[in-house]
Every structure is written in C-alpha cells, then in structure tokens.
$ cat model-v1.cif   # mmCIF, C-alpha atoms and all ligand atoms
data_entry
#
loop_
_atom_site.label_atom_id
_atom_site.label_comp_id
_atom_site.auth_asym_id
_atom_site.auth_seq_id
_atom_site.Cartn_x
_atom_site.Cartn_y
_atom_site.Cartn_z
CA MET A 177 119.16 98.76 38.88
CA LYS A 178 116.33 96.33 38.52
CA ILE A 179 114.51 96.38 35.23
CA MET A 180 110.78 96.72 35.66
CA THR A 181 108.36 94.61 33.73
CA VAL A 182 105.48 96.34 31.99
CA ASP A 183 103.14 94.95 34.64
CA GLU A 184 105.23 96.45 37.42
CA TRP A 185 105.52 99.73 35.55
CA ILE A 186 101.78 100.09 35.06
CA SER A 187 100.71 98.60 38.39
CA ARG A 188 100.14 102.02 39.99
CA TRP A 189 98.03 103.33 37.12
CA LYS A 190 94.30 103.36 37.47
CA PRO A 191 91.85 101.95 34.97
CA ASN A 192 89.65 104.25 32.93
CA GLU A 193 86.19 103.28 34.05
CA ARG A 194 84.42 104.89 31.13
CA PHE A 195 86.57 103.36 28.36
CA PRO A 196 88.16 100.23 29.80
CA ASP A 197 88.28 98.13 26.64
CA CYS A 198 91.47 97.58 24.67
CA LEU A 199 91.19 98.68 21.05
CA SER A 200 93.45 95.80 19.96
CA CYS A 201 92.15 92.71 21.74
CA GLY A 202 88.95 93.92 23.45
CA SER A 203 90.15 93.09 26.95
CA THR A 204 88.89 95.38 29.68
CA ASN A 205 92.01 94.71 31.75
CA THR A 206 93.63 98.05 30.95
CA LYS A 207 95.35 100.86 32.83
CA GLU A 208 95.26 104.49 31.99
CA HIS A 209 98.51 106.34 31.39
CA HIS A 210 97.25 109.72 30.27
CA PHE A 211 93.96 111.50 30.57
CA SER A 212 93.16 115.13 30.02
CA GLN A 213 89.89 116.90 29.79
CA THR A 214 89.37 120.51 28.85
CA TRP A 215 86.22 122.53 29.14
CA CYS A 216 86.04 125.83 27.35
CA ARG A 217 82.85 127.83 27.28
CA GLY A 218 80.59 124.82 27.53
CA LYS A 219 82.53 122.83 24.90
CA LYS A 220 84.44 119.74 25.86
CA LYS A 221 87.55 117.95 24.70
CA PHE A 222 89.30 114.94 26.15
CA GLU A 223 92.21 112.64 25.47
CA SER A 224 92.84 109.23 26.97
CA GLU A 225 95.68 106.79 26.59
CA THR A 226 95.43 103.35 28.09
CA ILE A 227 97.66 100.31 27.97
CA CYS A 228 96.31 96.80 27.86
CA CYS A 229 97.49 94.41 30.59
CA GLU A 230 96.86 91.45 28.27
CA CYS A 231 98.47 92.43 24.97
CA HIS A 232 100.41 95.55 26.11
CA MET A 233 99.05 97.57 23.21
CA TRP A 234 98.19 101.24 23.64
CA SER A 235 94.71 102.54 23.04
CA TRP A 236 94.40 106.23 22.25
CA ARG A 237 91.06 107.96 22.36
CA SER A 238 90.28 111.56 21.89
CA TYR A 239 87.10 113.48 21.52
CA ALA A 240 86.24 117.10 20.96
CA ASP A 241 82.90 118.77 20.45
CA PRO A 242 82.65 119.80 16.78
CA ASP A 243 82.98 123.50 17.55
CA PHE A 244 85.36 123.14 20.47
CA LEU A 245 87.96 125.89 20.70
CA SER A 246 90.81 125.89 23.16
CA PRO A 247 91.12 129.08 25.22
CA GLU A 248 94.06 130.08 22.97
CA GLU A 249 92.09 129.51 19.77
CA TYR A 250 89.10 131.35 21.21
CA ASP A 251 91.26 134.35 22.10
CA LYS A 252 92.89 134.32 18.68
CA LEU A 253 89.51 134.35 16.92
CA LYS A 254 88.23 137.10 19.20
CA TRP A 255 91.35 139.13 18.49
CA GLU A 256 91.10 138.62 14.73
CA LYS A 257 87.46 139.64 14.79
CA MET A 258 88.31 142.76 16.75
CA VAL A 259 91.11 143.67 14.32
CA GLN A 260 88.76 143.12 11.42
CA GLU A 261 86.04 145.29 12.99
CA ASN A 262 88.58 148.03 13.65
CA ALA A 263 89.78 147.84 10.05
CA THR A 264 86.19 148.20 8.83
CA ARG A 265 85.62 151.14 11.15
CA LEU A 266 88.81 152.84 9.92
CA LYS A 267 87.74 152.33 6.32
CA ASP A 268 84.32 153.87 7.08
CA ALA A 269 86.02 156.82 8.73
CA ARG A 270 88.19 157.29 5.67
CA VAL A 271 85.13 157.22 3.40
CA GLU A 272 83.48 159.85 5.61
CA ASP A 273 86.62 162.01 5.45
CA ALA A 274 86.70 161.70 1.69
CA ALA A 275 83.02 162.66 1.49
CA ALA A 276 83.60 165.65 3.77
CA GLU A 277 86.55 166.74 1.63
CA SER A 278 84.59 166.51 -1.62
CA VAL A 279 81.80 168.56 -0.01
CA ALA A 280 84.37 171.12 1.08
CA ALA A 281 85.92 171.18 -2.36
CA ALA A 282 82.58 171.74 -4.10
ZN ZN B 1 94.70 94.22 24.53
#
$ encode --input "model-v1.cif" --output "structure tokens" --more "lines below"
Ligand SMILES: [Zn+2]
Amino acid sequence: MKIMTVDEWISRWKPNERFPDCLSCGSTNTKEHHFSQTWCRGKKKFESETICCECHMWSWRSYADPDFLSPEEYDKLKWEKMVQENATRLKDARVEDAAAESVAAA
C-alpha cells in the first residue's frame, strides 16, 4: 500500500472561505477537515478545523452565541423547570390541605 503524503491526503478537502488563514503561520493556503454548524432556536454554534498546506499545522475555531443551548441542553432545562414548577405546585397543594385540616379541626 502506498503511503499518502499530507498533500495527497488533504487534496480533496475544500478550503473554508470564511476563515482561510492559518493560525500558526498566517497562510491562507488551508483546507478544511471538519466543519459543523448548529442552529437552535435562533442561536448559533459552529466548529471548524483546518489544516495548513504550508506548515501542516491544524487550526481549530469554534464559536457559540453566549446563550446558545444545544437541543439536548434546552430540553434538559425545560424539563428541570417543569419539575420545579410541579414541585412548587405540590407544595402549595400541601399547604392548602394543611390549612383545610386546621379549619376542620377548629
Ligand atoms: Zn500554516
């Protein structure tokens, strides 16, 4: 089996047009290995990994809106809030029961 050079390996990758510059040497001759972008309820998050064709160093970039929540995190928060609200409602109901009992006892 022929061993590929880095240049051969990355030759099919496309450049990232928005962030082409290498974080190590500043060259814009880079290829993108990984890119993912997630939108969740109007909030955005992305990750990008490029390799430099000049110095073969990786550049990793990621960005997330300050209050970005992944769908999983959003569901977890929603669930916790619901549980908390239910707990509060149960407590109120118990207070009402107690009040009703003390009225009945009087
Ligand atoms: Zn470089």
$ closest_residue --input "model-v1.cif" --among "A:Asp243, A:Asp197, A:Asp273, A:Glu208" --to "Ile227 of chain A" --atoms "all atoms listed in the file"
A:Glu208
$ residues_around --input "model-v1.cif" --residues "His210 of chain A" --least-positions-apart "2" --cutoff "8 Å" --atoms "only C-alpha atoms" --output "ChimeraX atom specification"
/A:208,212,223-226
$ closest_residue --input "model-v1.cif" --among "A:Arg217, A:Lys178, A:His232, A:Arg188" --to "ligand ZN 1 (chain B)" --atoms "only C-alpha atoms and all ligand atoms"
A:His232
$ closest_atom_pairs --input "model-v1.cif" --of "chain A" --to "ligand ZN 1 (chain B)" --cutoff "8 Å" --atoms "only C-alpha atoms and all ligand atoms" --output "tab-separated table"
residue	atom	partner	partner_atom	distance
A:Asp197	CA	B:ZN1	ZN	7.8
A:Cys198	CA	B:ZN1	ZN	4.7
A:Leu199	CA	B:ZN1	ZN	6.7
A:Ser200	CA	B:ZN1	ZN	5.0
A:Cys201	CA	B:ZN1	ZN	4.1
A:Gly202	CA	B:ZN1	ZN	5.9
A:Ser203	CA	B:ZN1	ZN	5.3
A:Thr204	CA	B:ZN1	ZN	7.9
A:Asn205	CA	B:ZN1	ZN	7.7
A:Thr206	CA	B:ZN1	ZN	7.6
A:Ile227	CA	B:ZN1	ZN	7.6
A:Cys228	CA	B:ZN1	ZN	4.5
A:Cys229	CA	B:ZN1	ZN	6.7
A:Glu230	CA	B:ZN1	ZN	5.1
A:Cys231	CA	B:ZN1	ZN	4.2
A:His232	CA	B:ZN1	ZN	6.1
A:Met233	CA	B:ZN1	ZN	5.6
A:Trp234	CA	B:ZN1	ZN	7.9
$ atom_distance --input "model-v1.cif" --atom1 "atom CA of Arg194 of chain A" --atom2 "atom CA of Ala240 of chain A"
16.0 Å
$ atom_distance --input "model-v1.cif" --atom1 "atom CA of Trp185 of chain A" --atom2 "atom CA of Trp236 of chain A"
18.5 Å
$ atom_distance --input "model-v1.cif" --atom1 "atom CA of Lys267 of chain A" --atom2 "atom CA of Lys254 of chain A"
20.0 Å
$ closest_residue --input "model-v1.cif" --among "A:Lys207, A:Tyr250, A:Met177, A:Glu277" --to "Glu193 of chain A" --atoms "only C-alpha atoms"
A:Lys207
$ axis_aligned_box --input "model-v1.cif" --around "segment 244-253 of chain A" --padding-each-side "4 Å" --output "JSON"
{"center_x": 89.7, "center_y": 128.7, "center_z": 21.1, "size_x": 16.7, "size_y": 19.2, "size_z": 16.3}
$ closest_residue --input "model-v1.cif" --among "A:Pro196, A:Pro191, A:Phe211, A:Lys221" --to "Ser246 of chain A" --atoms "all atoms listed in the file"
A:Lys221
$ decode --input "model-v1.cif" --residues "segment 182-221 of chain A" --atoms "N, CA and C atoms" --output "PDB file, in the first residue's frame"
ATOM      1  N   VAL A 182       0.791  14.188   3.170  1.00  0.00           N
ATOM      2  CA  VAL A 182      -0.264  15.055   3.716  1.00  0.00           C
ATOM      3  C   VAL A 182      -0.973  15.779   2.581  1.00  0.00           C
ATOM      4  N   ASP A 183      -0.201  16.234   1.605  1.00  0.00           N
ATOM      5  CA  ASP A 183      -0.806  16.979   0.497  1.00  0.00           C
ATOM      6  C   ASP A 183      -1.791  16.119  -0.295  1.00  0.00           C
ATOM      7  N   GLU A 184      -1.441  14.855  -0.482  1.00  0.00           N
ATOM      8  CA  GLU A 184      -2.360  13.952  -1.172  1.00  0.00           C
ATOM      9  C   GLU A 184      -3.615  13.705  -0.326  1.00  0.00           C
ATOM     10  N   TRP A 185      -3.363  13.529   0.957  1.00  0.00           N
ATOM     11  CA  TRP A 185      -4.444  13.226   1.900  1.00  0.00           C
ATOM     12  C   TRP A 185      -5.480  14.348   1.920  1.00  0.00           C
ATOM     13  N   ILE A 186      -4.981  15.576   1.915  1.00  0.00           N
ATOM     14  CA  ILE A 186      -5.892  16.715   2.071  1.00  0.00           C
ATOM     15  C   ILE A 186      -6.341  17.294   0.732  1.00  0.00           C
ATOM     16  N   SER A 187      -5.886  16.695  -0.374  1.00  0.00           N
ATOM     17  CA  SER A 187      -6.144  17.323  -1.672  1.00  0.00           C
ATOM     18  C   SER A 187      -7.636  17.409  -2.009  1.00  0.00           C
ATOM     19  N   ARG A 188      -8.448  16.489  -1.468  1.00  0.00           N
ATOM     20  CA  ARG A 188      -9.879  16.519  -1.774  1.00  0.00           C
ATOM     21  C   ARG A 188     -10.656  17.457  -0.863  1.00  0.00           C
ATOM     22  N   TRP A 189     -10.023  17.923   0.209  1.00  0.00           N
ATOM     23  CA  TRP A 189     -10.745  18.809   1.127  1.00  0.00           C
ATOM     24  C   TRP A 189     -10.901  20.188   0.513  1.00  0.00           C
ATOM     25  N   LYS A 190     -11.943  20.855   0.934  1.00  0.00           N
ATOM     26  CA  LYS A 190     -12.194  22.195   0.412  1.00  0.00           C
ATOM     27  C   LYS A 190     -11.702  23.251   1.403  1.00  0.00           C
ATOM     28  N   PRO A 191     -11.331  24.394   0.893  1.00  0.00           N
ATOM     29  CA  PRO A 191     -10.950  25.461   1.826  1.00  0.00           C
ATOM     30  C   PRO A 191     -12.172  26.042   2.532  1.00  0.00           C
ATOM     31  N   ASN A 192     -11.951  26.609   3.682  1.00  0.00           N
ATOM     32  CA  ASN A 192     -13.001  27.359   4.365  1.00  0.00           C
ATOM     33  C   ASN A 192     -12.886  28.798   3.908  1.00  0.00           C
ATOM     34  N   GLU A 193     -13.880  29.248   3.155  1.00  0.00           N
ATOM     35  CA  GLU A 193     -13.760  30.579   2.571  1.00  0.00           C
ATOM     36  C   GLU A 193     -13.874  31.691   3.603  1.00  0.00           C
ATOM     37  N   ARG A 194     -14.578  31.426   4.679  1.00  0.00           N
ATOM     38  CA  ARG A 194     -14.751  32.476   5.681  1.00  0.00           C
ATOM     39  C   ARG A 194     -13.516  32.636   6.568  1.00  0.00           C
ATOM     40  N   PHE A 195     -12.860  31.520   6.909  1.00  0.00           N
ATOM     41  CA  PHE A 195     -11.696  31.568   7.792  1.00  0.00           C
ATOM     42  C   PHE A 195     -10.537  30.811   7.151  1.00  0.00           C
ATOM     43  N   PRO A 196      -9.974  31.363   6.089  1.00  0.00           N
ATOM     44  CA  PRO A 196      -8.930  30.608   5.382  1.00  0.00           C
ATOM     45  C   PRO A 196      -7.554  30.689   6.047  1.00  0.00           C
ATOM     46  N   ASP A 197      -7.330  31.634   6.946  1.00  0.00           N
ATOM     47  CA  ASP A 197      -5.954  31.841   7.396  1.00  0.00           C
ATOM     48  C   ASP A 197      -5.528  30.863   8.486  1.00  0.00           C
ATOM     49  N   CYS A 198      -4.269  30.421   8.350  1.00  0.00           N
ATOM     50  CA  CYS A 198      -3.664  29.501   9.304  1.00  0.00           C
ATOM     51  C   CYS A 198      -3.329  30.245  10.586  1.00  0.00           C
ATOM     52  N   LEU A 199      -3.696  29.650  11.725  1.00  0.00           N
ATOM     53  CA  LEU A 199      -3.448  30.318  12.998  1.00  0.00           C
ATOM     54  C   LEU A 199      -1.964  30.250  13.383  1.00  0.00           C
ATOM     55  N   SER A 200      -1.186  29.407  12.716  1.00  0.00           N
ATOM     56  CA  SER A 200       0.232  29.284  13.054  1.00  0.00           C
ATOM     57  C   SER A 200       1.105  30.198  12.212  1.00  0.00           C
ATOM     58  N   CYS A 201       0.917  30.166  10.885  1.00  0.00           N
ATOM     59  CA  CYS A 201       1.824  30.921  10.026  1.00  0.00           C
ATOM     60  C   CYS A 201       1.113  32.017   9.234  1.00  0.00           C
ATOM     61  N   GLY A 202      -0.211  32.078   9.302  1.00  0.00           N
ATOM     62  CA  GLY A 202      -0.934  33.148   8.624  1.00  0.00           C
ATOM     63  C   GLY A 202      -1.202  32.891   7.159  1.00  0.00           C
ATOM     64  N   SER A 203      -0.761  31.761   6.642  1.00  0.00           N
ATOM     65  CA  SER A 203      -1.027  31.422   5.245  1.00  0.00           C
ATOM     66  C   SER A 203      -2.522  31.207   5.040  1.00  0.00           C
ATOM     67  N   THR A 204      -3.007  31.571   3.866  1.00  0.00           N
ATOM     68  CA  THR A 204      -4.418  31.305   3.580  1.00  0.00           C
ATOM     69  C   THR A 204      -4.570  30.060   2.718  1.00  0.00           C
ATOM     70  N   ASN A 205      -3.455  29.333   2.553  1.00  0.00           N
ATOM     71  CA  ASN A 205      -3.473  28.093   1.781  1.00  0.00           C
ATOM     72  C   ASN A 205      -3.821  26.933   2.714  1.00  0.00           C
ATOM     73  N   THR A 206      -5.093  26.861   3.080  1.00  0.00           N
ATOM     74  CA  THR A 206      -5.528  25.848   4.051  1.00  0.00           C
ATOM     75  C   THR A 206      -6.687  25.047   3.485  1.00  0.00           C
ATOM     76  N   LYS A 207      -6.904  23.881   4.074  1.00  0.00           N
ATOM     77  CA  LYS A 207      -8.028  23.024   3.693  1.00  0.00           C
ATOM     78  C   LYS A 207      -8.793  22.676   4.956  1.00  0.00           C
ATOM     79  N   GLU A 208     -10.078  22.558   4.779  1.00  0.00           N
ATOM     80  CA  GLU A 208     -10.918  22.293   5.937  1.00  0.00           C
ATOM     81  C   GLU A 208     -11.197  20.805   6.100  1.00  0.00           C
ATOM     82  N   HIS A 209     -10.978  20.329   7.307  1.00  0.00           N
ATOM     83  CA  HIS A 209     -11.180  18.906   7.601  1.00  0.00           C
ATOM     84  C   HIS A 209     -12.530  18.674   8.257  1.00  0.00           C
ATOM     85  N   HIS A 210     -12.933  19.598   9.090  1.00  0.00           N
ATOM     86  CA  HIS A 210     -14.159  19.409   9.869  1.00  0.00           C
ATOM     87  C   HIS A 210     -14.891  20.732   9.973  1.00  0.00           C
ATOM     88  N   PHE A 211     -16.148  20.710   9.723  1.00  0.00           N
ATOM     89  CA  PHE A 211     -16.960  21.899   9.958  1.00  0.00           C
ATOM     90  C   PHE A 211     -18.330  21.465  10.400  1.00  0.00           C
ATOM     91  N   SER A 212     -18.822  22.055  11.464  1.00  0.00           N
ATOM     92  CA  SER A 212     -20.194  21.773  11.857  1.00  0.00           C
ATOM     93  C   SER A 212     -20.836  23.049  12.341  1.00  0.00           C
ATOM     94  N   GLN A 213     -22.052  23.212  11.992  1.00  0.00           N
ATOM     95  CA  GLN A 213     -22.792  24.384  12.435  1.00  0.00           C
ATOM     96  C   GLN A 213     -24.138  23.934  12.955  1.00  0.00           C
ATOM     97  N   THR A 214     -24.509  24.453  14.094  1.00  0.00           N
ATOM     98  CA  THR A 214     -25.782  24.089  14.706  1.00  0.00           C
ATOM     99  C   THR A 214     -26.582  25.352  14.975  1.00  0.00           C
ATOM    100  N   TRP A 215     -27.812  25.309  14.587  1.00  0.00           N
ATOM    101  CA  TRP A 215     -28.739  26.385  14.930  1.00  0.00           C
ATOM    102  C   TRP A 215     -29.756  25.815  15.891  1.00  0.00           C
ATOM    103  N   CYS A 216     -29.993  26.524  16.961  1.00  0.00           N
ATOM    104  CA  CYS A 216     -31.035  26.065  17.882  1.00  0.00           C
ATOM    105  C   CYS A 216     -31.782  27.278  18.384  1.00  0.00           C
ATOM    106  N   ARG A 217     -32.998  27.402  17.997  1.00  0.00           N
ATOM    107  CA  ARG A 217     -33.872  28.497  18.418  1.00  0.00           C
ATOM    108  C   ARG A 217     -33.215  29.862  18.240  1.00  0.00           C
ATOM    109  N   GLY A 218     -32.694  30.073  17.053  1.00  0.00           N
ATOM    110  CA  GLY A 218     -32.131  31.372  16.704  1.00  0.00           C
ATOM    111  C   GLY A 218     -30.714  31.583  17.209  1.00  0.00           C
ATOM    112  N   LYS A 219     -30.170  30.639  17.984  1.00  0.00           N
ATOM    113  CA  LYS A 219     -28.800  30.756  18.480  1.00  0.00           C
ATOM    114  C   LYS A 219     -27.901  29.840  17.672  1.00  0.00           C
ATOM    115  N   LYS A 220     -26.669  30.290  17.487  1.00  0.00           N
ATOM    116  CA  LYS A 220     -25.789  29.602  16.557  1.00  0.00           C
ATOM    117  C   LYS A 220     -24.509  29.141  17.236  1.00  0.00           C
ATOM    118  N   LYS A 221     -23.996  28.014  16.721  1.00  0.00           N
ATOM    119  CA  LYS A 221     -22.734  27.484  17.209  1.00  0.00           C
ATOM    120  C   LYS A 221     -22.018  26.852  16.031  1.00  0.00           C
TER     121      LYS A 221
END
